[in-house]
Amino acid sequence: MTTKNQELANWVSTVAAQTQPQEIVWCDGSDSEYQHIIDMMLEDGTLSSLNPETHPNCYLHLSDPQDVARVEHLTYICTDAPDTVGDNNNWMPIADAKAKMNALFDGCMQGRTMYVVPYCMGPIDSPYSRCGVEITDSPYVVINMKLMTRMGAAALARIEQEGGFVKGLHSIGELDPERRFIMHFPQELSIMSYGSGYGGNALLGKKCHALRIASWQAKDEGWLAEHMLILGLESPAGEIHYIAAAFPSACGKTNLAMLIPPEEYKDWKIWTLGDDIAWLHPGDDGQLRAINPEAGYFGVVPGTNAKTNRNAFDMIQRNTIFTNVAQTADGQPWWEDKKEGVPSIDWKGDAYQSSNGPAAHPNSRFTVAATENRAYSSLAEAPDGVPISAIIFGGRRRELAPLVYQAKSWEHGVLVGASVASETTAAATGKVGVVRRDPMAMKPFCGYNFADYWGHWLSFSERLDKLPKVFHVNWFRQNEDGDFLWPGFGDNLRVLEWIIKRCKGEVDADETPIGYLPNAEGLNIDDLGIDPAVWQSLISIEPEQWRQEMDEFGEYLASFGDRLPAKLKAQHELVKAALAS
Ligand code: SAT
Ligand code: MN
């Protein structure tokens with residue numbers, strides 16, 4: 001296979017001349033190609049088969065132990081001026097970045113196969129979708145891209161028809177953390193990633209393209225690329241409302257997107273459209289319409305069990321690639337909180353000993369096609385997406401943030417999104433459990449200056465006739481002993497029900513300085529057995545704590561200087577004034 005697209009053909013030749021692979025393979029995305037690469041990896045030991053009786057077509061990849069997460073300190077946005085990317089990103093001048101990366105890529109594929117992977121982010125026939133081509137020397141990347149994107153011949157055909165595509169060049173290099181960089185060039189729609197095989201660093205369609213590059217494009221073109229799940233909530237009457245929700249990595253997006261209603265809500269249904277990324281466009285109907293650019297899930301494995309996420313647990317019993325989980329003696333995948341089986345071999349491939357730490361890496365992952373999810377929405381493939389009724393922001397906060405509150409307006413909602421802070425998780429290298437600012441859960445993913453990004457968000461009040469309502473949730477409040485105050489998981493449906501009732505104007509709420517909170521009758525906690533004092537603390541705020549929070553947040557906003565939109569500053573002042581009175 002080659003291509004009629006001259007730009008692509010030239011780029012592939014140039015890259016091949018530079019990296020000097022032994023062979024070039026154009027990927028067509030077929031099942032036989034997938035199986036062929038799997039067989040080759042089984043042969044060379046980069047993949048092993050899991051128990052075929054219990055887990056048909058499931059494979060295990062153990063990565064280099066130093067290559068298990070995103071590397072935010074080695075991730076750069078390279079543009080012609082640093083203020084375009086802001087302090088929320090690492091910046092490097094384009095020429096310096098190119099020189100650094102070209103030195104790494106020179107001759108780096110000698111003796112290896114270079115795969116050319118055309119992919120489409122979003123349904124192949126959607127006007128909202130965008131294509132890219134990833135060149136990689138990693139067969140692991142190819143098989144993951146097959147599950148995660150619309151990859152191969154159809155994507156190439158679209159590229160040939162419409163022209164433009166994002167160029168992503170990737171090599172695992174030597175997997176040396178000292179020779180590892182993830183560089184983005186949004187002005188020329190290209191990515192160069194070297195030295196890592198880990199998902200967010202190496203599957204370039206995902207965070208690199210669908211968030212960092214796409215957020216830049218979206219700002220220029222009038223849409224939004226967000227770190228959000230998309231779900232449909234179907235009531236017993238058969239009415240479906242679509243919700244997009246932003247949470248930082250490893251804070252339960254996959255679980256919420258696949259939620260199974262609790263017993264009391266058995267006539268309700270959650271449909272999954274996406275679990276990680278949403279592209280949101282103003283539709284011809286004046287509503288905000290969402291598509292999921294991805295076609296699969298790259299989910300955190302530990303903690304997944306029949307209780308926490310039955311759909312995901314069942315989904316990963318077949319046709320799944322596991323990365324960095326442990327194994328039982330009979331070759332079944334195992335992880336912490338699986339609630340069945342015992343580990344025999346750990347994620348490094350050594351005999352399991354509890355003194356060596358967890359058996360599965362805390363950021364171990366499953367990769368599986370979205371069609372394997374029994375709750376996959378029939379509208380997930382709809383070219384014009386689904387209309388969004390509510391946007392939810394959330395973080396992982398031991399204290400402070402109540403279970404749920406609603407912003408008072410779109411502008412206030414932008415402030416609520418900008419104010420998200422969350423405890424760090426194992427999805428990125430670095431310390432876990434430290435609260436950091438993570439506006440809209442986009443700190444690691446917004447490809448441009450947050451001040452401009454908030455300005456862009458604010459502009460949607462003029463772009464839409466029917467604005468979604470904005471909410472903030474926190475499933476993670478704890479008491480002094482570290483026990484969670486809210487049961488979470490399936491019971492989060494109760495909160496979603498309240499959110500939709502608020503969207504429809506069906507339920508009153510208490511107005512507070514930070515937004516509308518549920519009143520005692522509004523949110524259904526029947527049969528939960530929750531202690532009344534605990535419930536009260538979940539749906540109320542501590543003004544003194546919030547004054548402090550708003551002061552700290554104000555300092556953060558001020559760090560964006562004159563670029564900070566005046567409307568956002570005004571919203572912050574309104575909340576501060578309300579807390580003071
Ligand atoms: O960046 S990944 O896509 O690998 C997972 C995440 O951190 O959200
Ligand atoms: Mn994510």
# chains A, B, ... in the order shown; residues from 1 in each chain; ligands from 1

call {"tool": "residues_near_ligand", "arguments": {"ligand": "ligand 2", "cutoff": "9 Å", "atoms": "only C-alpha atoms and all ligand atoms", "output": "PDB file with C-alpha atoms, in the first residue's frame"}}
result
ATOM      1  CA  GLY A 200      -0.342   8.747  26.609  1.00  0.00           C
ATOM      2  CA  LYS A 206      -4.926  10.093  22.018  1.00  0.00           C
ATOM      3  CA  LYS A 207      -3.635  12.851  24.314  1.00  0.00           C
ATOM      4  CA  HIS A 227     -10.683  15.537  28.718  1.00  0.00           C
ATOM      5  CA  MET A 228     -14.260  14.332  29.202  1.00  0.00           C
ATOM      6  CA  PHE A 247     -12.080  14.471  35.665  1.00  0.00           C
ATOM      7  CA  PRO A 248      -8.306  14.177  35.922  1.00  0.00           C
ATOM      8  CA  SER A 249      -6.681  10.892  34.887  1.00  0.00           C
ATOM      9  CA  ALA A 250      -7.434   7.906  37.135  1.00  0.00           C
ATOM     10  CA  LYS A 253     -14.123   8.528  34.251  1.00  0.00           C
ATOM     11  CA  ASP A 275     -14.622   7.455  28.643  1.00  0.00           C
ATOM     12  CA  ASP A 276     -11.781   9.938  28.139  1.00  0.00           C
ATOM     13  CA  ILE A 277     -12.048  12.557  25.391  1.00  0.00           C
ATOM     14  CA  PHE A 298      -7.298   2.603  27.606  1.00  0.00           C
ATOM     15  CA  GLY A 299      -8.469   2.182  31.172  1.00  0.00           C
ATOM     16  CA  ALA A 427      -1.252   8.175  35.600  1.00  0.00           C
ATOM     17  CA  ALA A 441      -8.921  18.379  34.148  1.00  0.00           C
TER      18      ALA A 441
END

call {"tool": "select_by_dssp", "arguments": {"residues": "range 35-255 of chain A", "states": "alpha helix (DSSP H)", "output": "PyMOL selection string"}}
result
chain A and resi 35-44+94-105+139-148+153-162+199-202+214-221+253-255

call {"tool": "closest_residue", "arguments": {"among": "A:Met442, A:Ala95, A:Ile243, A:Ile321", "to": "ligand 1", "atoms": "only C-alpha atoms and all ligand atoms"}}
result
A:Met442

call {"tool": "select_by_dssp", "arguments": {"residues": "range 145-359 of chain A", "states": "strand (DSSP E or B)", "output": "short mmCIF file (atom, residue, chain, number, x, y, z; two decimals) with C-alpha atoms, in the first residue's frame"}}
result
data_model
loop_
_atom_site.label_atom_id
_atom_site.label_comp_id
_atom_site.auth_asym_id
_atom_site.auth_seq_id
_atom_site.Cartn_x
_atom_site.Cartn_y
_atom_site.Cartn_z
CA ARG A 150 -10.57 3.99 13.37
CA MET A 151 -7.25 2.91 11.90
CA VAL A 166 -1.78 15.51 11.75
CA LYS A 167 1.72 14.10 11.39
CA GLY A 168 2.87 12.07 14.38
CA LEU A 169 6.35 10.61 14.45
CA HIS A 170 7.11 8.13 17.19
CA SER A 171 10.03 5.90 18.12
CA PHE A 181 10.64 13.82 24.88
CA ILE A 182 7.06 14.35 23.74
CA MET A 183 7.02 17.44 21.51
CA HIS A 184 4.00 19.11 19.93
CA PHE A 185 4.05 21.62 17.08
CA SER A 190 2.75 17.72 14.06
CA ILE A 191 4.02 15.66 16.97
CA MET A 192 7.42 14.07 17.66
CA SER A 193 7.60 11.52 20.47
CA TYR A 194 10.76 9.64 21.38
CA LEU A 224 -13.66 22.45 22.22
CA ALA A 225 -11.41 19.41 22.67
CA GLU A 226 -11.85 18.20 26.25
CA MET A 228 -14.26 14.33 29.20
CA LEU A 229 -16.31 11.18 29.21
CA ILE A 230 -19.66 11.27 27.41
CA LEU A 231 -22.63 9.28 28.67
CA GLY A 232 -26.34 9.01 28.00
CA LEU A 233 -28.66 8.72 31.01
CA GLU A 234 -31.93 7.00 30.14
CA ILE A 240 -32.13 10.12 27.29
CA HIS A 241 -29.99 13.07 28.40
CA TYR A 242 -26.35 13.32 27.42
CA ILE A 243 -23.73 14.48 29.89
CA ALA A 244 -20.04 15.29 29.39
CA ALA A 245 -17.82 15.09 32.46
CA ALA A 246 -14.21 16.14 32.99
CA LYS A 269 -29.80 2.90 32.04
CA ILE A 270 -26.43 4.46 31.35
CA TRP A 271 -25.12 4.39 27.77
CA THR A 272 -21.41 4.94 27.15
CA LEU A 273 -20.29 7.19 24.32
CA GLY A 274 -16.74 7.76 25.51
CA ALA A 278 -14.90 14.63 23.97
CA TRP A 279 -14.90 16.95 20.98
CA LEU A 280 -17.69 19.49 21.44
CA HIS A 281 -19.05 21.52 18.54
CA PRO A 282 -21.81 24.12 18.32
CA GLN A 287 -26.86 22.98 21.00
CA LEU A 288 -23.43 21.77 22.03
CA ARG A 289 -22.90 18.45 20.24
CA ALA A 290 -20.35 15.87 21.36
CA ILE A 291 -18.44 13.14 19.60
CA GLY A 296 -11.65 2.13 22.38
CA TYR A 297 -10.75 2.35 26.05
CA PHE A 298 -7.30 2.60 27.61
CA GLY A 299 -8.47 2.18 31.17
CA VAL A 300 -6.87 1.83 34.58
CA ILE A 321 -4.51 -6.15 25.64
CA PHE A 322 -3.33 -5.84 29.23
CA THR A 323 -0.27 -3.78 30.09
CA ALA A 326 0.13 -9.43 37.31
CA GLN A 327 -0.77 -13.05 36.50
CA PRO A 333 -4.61 -11.46 34.54
CA TRP A 334 -4.61 -10.25 38.15
CA ILE A 345 3.85 -13.35 38.78
CA ALA A 351 7.56 -14.26 41.24
#

call {"tool": "residues_around", "arguments": {"residues": "range 19-21 of chain A", "least_positions_apart": "6", "cutoff": "12 Å", "atoms": "only C-alpha atoms", "output": "VMD selection string"}}
result
chain A and resid 12 to 13 101 to 116 135 to 138 169 to 171 173

call {"tool": "residues_around", "arguments": {"residues": "Met148 in chain A", "least_positions_apart": "6", "cutoff": "10 Å", "atoms": "only C-alpha atoms", "output": "PDB file with N, CA and C atoms, in the first residue's frame"}}
result
ATOM      1  N   TYR A 119      -5.043   7.083  10.768  1.00  0.00           N
ATOM      2  CA  TYR A 119      -6.154   6.896  11.714  1.00  0.00           C
ATOM      3  C   TYR A 119      -7.113   8.075  11.602  1.00  0.00           C
ATOM      4  N   MET A 121      -9.785  10.219  14.026  1.00  0.00           N
ATOM      5  CA  MET A 121     -10.329  10.466  15.356  1.00  0.00           C
ATOM      6  C   MET A 121     -11.779  10.907  15.167  1.00  0.00           C
ATOM      7  N   VAL A 142       0.996  -0.094  17.278  1.00  0.00           N
ATOM      8  CA  VAL A 142       0.091  -0.395  16.157  1.00  0.00           C
ATOM      9  C   VAL A 142      -1.141  -1.155  16.653  1.00  0.00           C
ATOM     10  N   LEU A 203       0.701   6.531  21.956  1.00  0.00           N
ATOM     11  CA  LEU A 203      -0.480   6.390  21.086  1.00  0.00           C
ATOM     12  C   LEU A 203      -0.855   7.814  20.708  1.00  0.00           C
ATOM     13  N   GLY A 205      -2.591   9.413  18.629  1.00  0.00           N
ATOM     14  CA  GLY A 205      -3.950   9.886  18.355  1.00  0.00           C
ATOM     15  C   GLY A 205      -4.640  10.372  19.622  1.00  0.00           C
ATOM     16  N   LYS A 206      -4.197   9.875  20.770  1.00  0.00           N
ATOM     17  CA  LYS A 206      -4.926  10.093  22.018  1.00  0.00           C
ATOM     18  C   LYS A 206      -4.625  11.481  22.598  1.00  0.00           C
ATOM     19  N   PRO A 293     -13.765  11.161  19.972  1.00  0.00           N
ATOM     20  CA  PRO A 293     -12.819  10.908  18.877  1.00  0.00           C
ATOM     21  C   PRO A 293     -12.220   9.502  18.908  1.00  0.00           C
ATOM     22  N   GLU A 294     -12.334   8.818  20.044  1.00  0.00           N
ATOM     23  CA  GLU A 294     -11.702   7.501  20.163  1.00  0.00           C
ATOM     24  C   GLU A 294     -12.683   6.382  19.822  1.00  0.00           C
ATOM     25  N   ALA A 295     -12.110   5.176  19.667  1.00  0.00           N
ATOM     26  CA  ALA A 295     -12.940   4.012  19.351  1.00  0.00           C
ATOM     27  C   ALA A 295     -12.681   2.869  20.318  1.00  0.00           C
ATOM     28  N   GLY A 296     -11.967   3.169  21.403  1.00  0.00           N
ATOM     29  CA  GLY A 296     -11.654   2.131  22.385  1.00  0.00           C
ATOM     30  C   GLY A 296     -11.340   2.750  23.725  1.00  0.00           C
ATOM     31  N   TYR A 297     -11.041   1.891  24.696  1.00  0.00           N
ATOM     32  CA  TYR A 297     -10.751   2.352  26.055  1.00  0.00           C
ATOM     33  C   TYR A 297      -9.340   1.936  26.454  1.00  0.00           C
ATOM     34  N   PHE A 298      -8.624   2.882  27.050  1.00  0.00           N
ATOM     35  CA  PHE A 298      -7.298   2.603  27.606  1.00  0.00           C
ATOM     36  C   PHE A 298      -7.443   2.882  29.098  1.00  0.00           C
ATOM     37  N   THR A 367      -6.530  -2.291  27.165  1.00  0.00           N
ATOM     38  CA  THR A 367      -6.917  -1.663  25.897  1.00  0.00           C
ATOM     39  C   THR A 367      -7.939  -2.576  25.254  1.00  0.00           C
ATOM     40  N   VAL A 368      -9.083  -1.992  24.917  1.00  0.00           N
ATOM     41  CA  VAL A 368     -10.161  -2.823  24.365  1.00  0.00           C
ATOM     42  C   VAL A 368     -11.038  -1.947  23.463  1.00  0.00           C
ATOM     43  N   ALA A 369     -11.554  -2.545  22.396  1.00  0.00           N
ATOM     44  CA  ALA A 369     -12.415  -1.794  21.473  1.00  0.00           C
ATOM     45  C   ALA A 369     -13.734  -1.430  22.162  1.00  0.00           C
ATOM     46  N   ALA A 370     -14.241  -0.236  21.865  1.00  0.00           N
ATOM     47  CA  ALA A 370     -15.477   0.244  22.505  1.00  0.00           C
ATOM     48  C   ALA A 370     -16.658  -0.680  22.226  1.00  0.00           C
TER      49      ALA A 370
END

call {"tool": "residues_around", "arguments": {"residues": "Tyr448 in chain A", "least_positions_apart": "6", "cutoff": "8 Å", "atoms": "only C-alpha atoms", "output": "VMD selection string"}}
result
chain A and resid 77 84 to 86 88 to 89 212 215 to 216

call {"tool": "closest_residue", "arguments": {"among": "A:Ser389, A:Gln406, A:Ser364, A:Thr79", "to": "Ala428 in chain A", "atoms": "only C-alpha atoms"}}
result
A:Ser364

call {"tool": "residues_around", "arguments": {"residues": "Ser49 in chain A", "least_positions_apart": "5", "cutoff": "12 Å", "atoms": "only C-alpha atoms", "output": "list in words"}}
result
Ile38, Asp39, Met41, Leu42, Glu43, Thr54, His55, Pro56, Asn57, Cys58, Tyr59, Leu60, His61, Leu62, Arg318, Asn319, Thr320, Ile321, Phe322, Gln327, Asp330, Gly331, Gln332 and Pro333 of chain A

call {"tool": "write_last_selection", "arguments": {"atoms": "N, CA and C atoms", "output": "PDB file, in the first residue's frame"}}
result
ATOM      1  N   ILE A  38       0.274  -9.495  16.412  1.00  0.00           N
ATOM      2  CA  ILE A  38       0.191 -10.206  17.702  1.00  0.00           C
ATOM      3  C   ILE A  38       1.093 -11.450  17.663  1.00  0.00           C
ATOM      4  N   ASP A  39       0.968 -12.231  16.598  1.00  0.00           N
ATOM      5  CA  ASP A  39       1.752 -13.474  16.501  1.00  0.00           C
ATOM      6  C   ASP A  39       3.250 -13.173  16.544  1.00  0.00           C
ATOM      7  N   MET A  41       4.675 -10.603  17.912  1.00  0.00           N
ATOM      8  CA  MET A  41       5.068 -10.159  19.260  1.00  0.00           C
ATOM      9  C   MET A  41       5.086 -11.328  20.248  1.00  0.00           C
ATOM     10  N   LEU A  42       4.196 -12.315  20.032  1.00  0.00           N
ATOM     11  CA  LEU A  42       4.227 -13.508  20.891  1.00  0.00           C
ATOM     12  C   LEU A  42       5.546 -14.245  20.671  1.00  0.00           C
ATOM     13  N   GLU A  43       5.926 -14.257  19.399  1.00  0.00           N
ATOM     14  CA  GLU A  43       7.178 -14.924  19.009  1.00  0.00           C
ATOM     15  C   GLU A  43       8.401 -14.264  19.639  1.00  0.00           C
ATOM     16  N   THR A  54     -10.136 -18.906  29.870  1.00  0.00           N
ATOM     17  CA  THR A  54     -10.864 -17.886  30.636  1.00  0.00           C
ATOM     18  C   THR A  54     -10.820 -16.531  29.935  1.00  0.00           C
ATOM     19  N   HIS A  55      -9.765 -16.268  29.159  1.00  0.00           N
ATOM     20  CA  HIS A  55      -9.561 -14.943  28.548  1.00  0.00           C
ATOM     21  C   HIS A  55      -9.159 -15.058  27.075  1.00  0.00           C
ATOM     22  N   PRO A  56     -10.107 -15.493  26.239  1.00  0.00           N
ATOM     23  CA  PRO A  56      -9.756 -15.663  24.827  1.00  0.00           C
ATOM     24  C   PRO A  56      -9.274 -14.355  24.187  1.00  0.00           C
ATOM     25  N   ASN A  57      -8.245 -14.490  23.351  1.00  0.00           N
ATOM     26  CA  ASN A  57      -7.653 -13.328  22.650  1.00  0.00           C
ATOM     27  C   ASN A  57      -7.228 -12.214  23.599  1.00  0.00           C
ATOM     28  N   CYS A  58      -6.770 -12.577  24.778  1.00  0.00           N
ATOM     29  CA  CYS A  58      -6.228 -11.579  25.694  1.00  0.00           C
ATOM     30  C   CYS A  58      -4.720 -11.758  25.793  1.00  0.00           C
ATOM     31  N   TYR A  59      -4.028 -10.635  25.804  1.00  0.00           N
ATOM     32  CA  TYR A  59      -2.567 -10.664  25.786  1.00  0.00           C
ATOM     33  C   TYR A  59      -2.032  -9.731  26.856  1.00  0.00           C
ATOM     34  N   LEU A  60      -0.791 -10.031  27.253  1.00  0.00           N
ATOM     35  CA  LEU A  60      -0.145  -9.227  28.294  1.00  0.00           C
ATOM     36  C   LEU A  60       1.164  -8.658  27.768  1.00  0.00           C
ATOM     37  N   HIS A  61       1.319  -7.360  27.933  1.00  0.00           N
ATOM     38  CA  HIS A  61       2.591  -6.709  27.617  1.00  0.00           C
ATOM     39  C   HIS A  61       3.163  -6.144  28.906  1.00  0.00           C
ATOM     40  N   LEU A  62       4.407  -6.458  29.203  1.00  0.00           N
ATOM     41  CA  LEU A  62       5.088  -5.868  30.361  1.00  0.00           C
ATOM     42  C   LEU A  62       6.055  -4.831  29.815  1.00  0.00           C
ATOM     43  N   ARG A 318     -12.145 -10.746  27.347  1.00  0.00           N
ATOM     44  CA  ARG A 318     -11.832 -11.237  25.998  1.00  0.00           C
ATOM     45  C   ARG A 318     -11.319 -10.078  25.143  1.00  0.00           C
ATOM     46  N   ASN A 319     -10.590 -10.423  24.086  1.00  0.00           N
ATOM     47  CA  ASN A 319     -10.158  -9.430  23.073  1.00  0.00           C
ATOM     48  C   ASN A 319      -9.517  -8.184  23.676  1.00  0.00           C
ATOM     49  N   THR A 320      -8.699  -8.370  24.686  1.00  0.00           N
ATOM     50  CA  THR A 320      -8.134  -7.241  25.425  1.00  0.00           C
ATOM     51  C   THR A 320      -6.611  -7.335  25.509  1.00  0.00           C
ATOM     52  N   ILE A 321      -5.961  -6.202  25.377  1.00  0.00           N
ATOM     53  CA  ILE A 321      -4.513  -6.150  25.639  1.00  0.00           C
ATOM     54  C   ILE A 321      -4.329  -5.582  27.053  1.00  0.00           C
ATOM     55  N   PHE A 322      -3.661  -6.324  27.892  1.00  0.00           N
ATOM     56  CA  PHE A 322      -3.330  -5.840  29.231  1.00  0.00           C
ATOM     57  C   PHE A 322      -1.876  -5.363  29.245  1.00  0.00           C
ATOM     58  N   GLN A 327      -0.117 -11.827  37.000  1.00  0.00           N
ATOM     59  CA  GLN A 327      -0.768 -13.047  36.499  1.00  0.00           C
ATOM     60  C   GLN A 327      -0.946 -14.053  37.622  1.00  0.00           C
ATOM     61  N   ASP A 330      -2.373 -19.843  36.746  1.00  0.00           N
ATOM     62  CA  ASP A 330      -2.910 -20.426  35.501  1.00  0.00           C
ATOM     63  C   ASP A 330      -3.081 -19.376  34.392  1.00  0.00           C
ATOM     64  N   GLY A 331      -2.286 -18.313  34.462  1.00  0.00           N
ATOM     65  CA  GLY A 331      -2.214 -17.384  33.343  1.00  0.00           C
ATOM     66  C   GLY A 331      -3.404 -16.461  33.182  1.00  0.00           C
ATOM     67  N   GLN A 332      -4.121 -16.202  34.281  1.00  0.00           N
ATOM     68  CA  GLN A 332      -5.185 -15.188  34.200  1.00  0.00           C
ATOM     69  C   GLN A 332      -4.608 -13.858  34.659  1.00  0.00           C
ATOM     70  N   PRO A 333      -5.119 -12.760  34.093  1.00  0.00           N
ATOM     71  CA  PRO A 333      -4.614 -11.465  34.544  1.00  0.00           C
ATOM     72  C   PRO A 333      -5.081 -11.205  35.971  1.00  0.00           C
TER      73      PRO A 333
END

call {"tool": "residues_around", "arguments": {"residues": "range 553-566 of chain A", "least_positions_apart": "5", "cutoff": "7 Å", "atoms": "only C-alpha atoms", "output": "PDB file with N, CA and C atoms, in the first residue's frame"}}
result
ATOM      1  N   SER A 419     -11.505  26.282  38.424  1.00  0.00           N
ATOM      2  CA  SER A 419     -11.077  26.142  39.824  1.00  0.00           C
ATOM      3  C   SER A 419     -10.829  24.689  40.223  1.00  0.00           C
ATOM      4  N   ALA A 451      -5.271  31.059  30.018  1.00  0.00           N
ATOM      5  CA  ALA A 451      -6.040  32.312  30.028  1.00  0.00           C
ATOM      6  C   ALA A 451      -6.842  32.428  28.716  1.00  0.00           C
ATOM      7  N   GLY A 455     -10.968  32.137  27.993  1.00  0.00           N
ATOM      8  CA  GLY A 455     -11.634  33.116  27.121  1.00  0.00           C
ATOM      9  C   GLY A 455     -12.435  32.403  26.034  1.00  0.00           C
TER      10      GLY A 455
END

call {"tool": "decode", "arguments": {"residues": "range 280-303 of chain A", "atoms": "C-alpha atoms", "output": "short mmCIF file (atom, residue, chain, number, x, y, z; two decimals), in the first residue's frame"}}
result
data_model
loop_
_atom_site.label_atom_id
_atom_site.label_comp_id
_atom_site.auth_asym_id
_atom_site.auth_seq_id
_atom_site.Cartn_x
_atom_site.Cartn_y
_atom_site.Cartn_z
CA LEU A 280 -17.69 19.49 21.44
CA HIS A 281 -19.05 21.52 18.54
CA PRO A 282 -21.81 24.12 18.32
CA GLY A 283 -24.38 22.27 16.20
CA ASP A 284 -26.72 23.69 13.56
CA ASP A 285 -29.46 23.21 16.17
CA GLY A 286 -27.79 25.73 18.53
CA GLN A 287 -26.86 22.98 21.00
CA LEU A 288 -23.43 21.77 22.03
CA ARG A 289 -22.90 18.45 20.24
CA ALA A 290 -20.35 15.87 21.36
CA ILE A 291 -18.44 13.14 19.60
CA ASN A 292 -15.91 10.76 21.10
CA PRO A 293 -12.82 10.91 18.88
CA GLU A 294 -11.70 7.50 20.16
CA ALA A 295 -12.94 4.01 19.35
CA GLY A 296 -11.65 2.13 22.38
CA TYR A 297 -10.75 2.35 26.05
CA PHE A 298 -7.30 2.60 27.61
CA GLY A 299 -8.47 2.18 31.17
CA VAL A 300 -6.87 1.83 34.58
CA VAL A 301 -7.08 -1.84 35.61
CA PRO A 302 -6.57 -1.91 39.41
CA GLY A 303 -9.83 -1.50 41.30
#
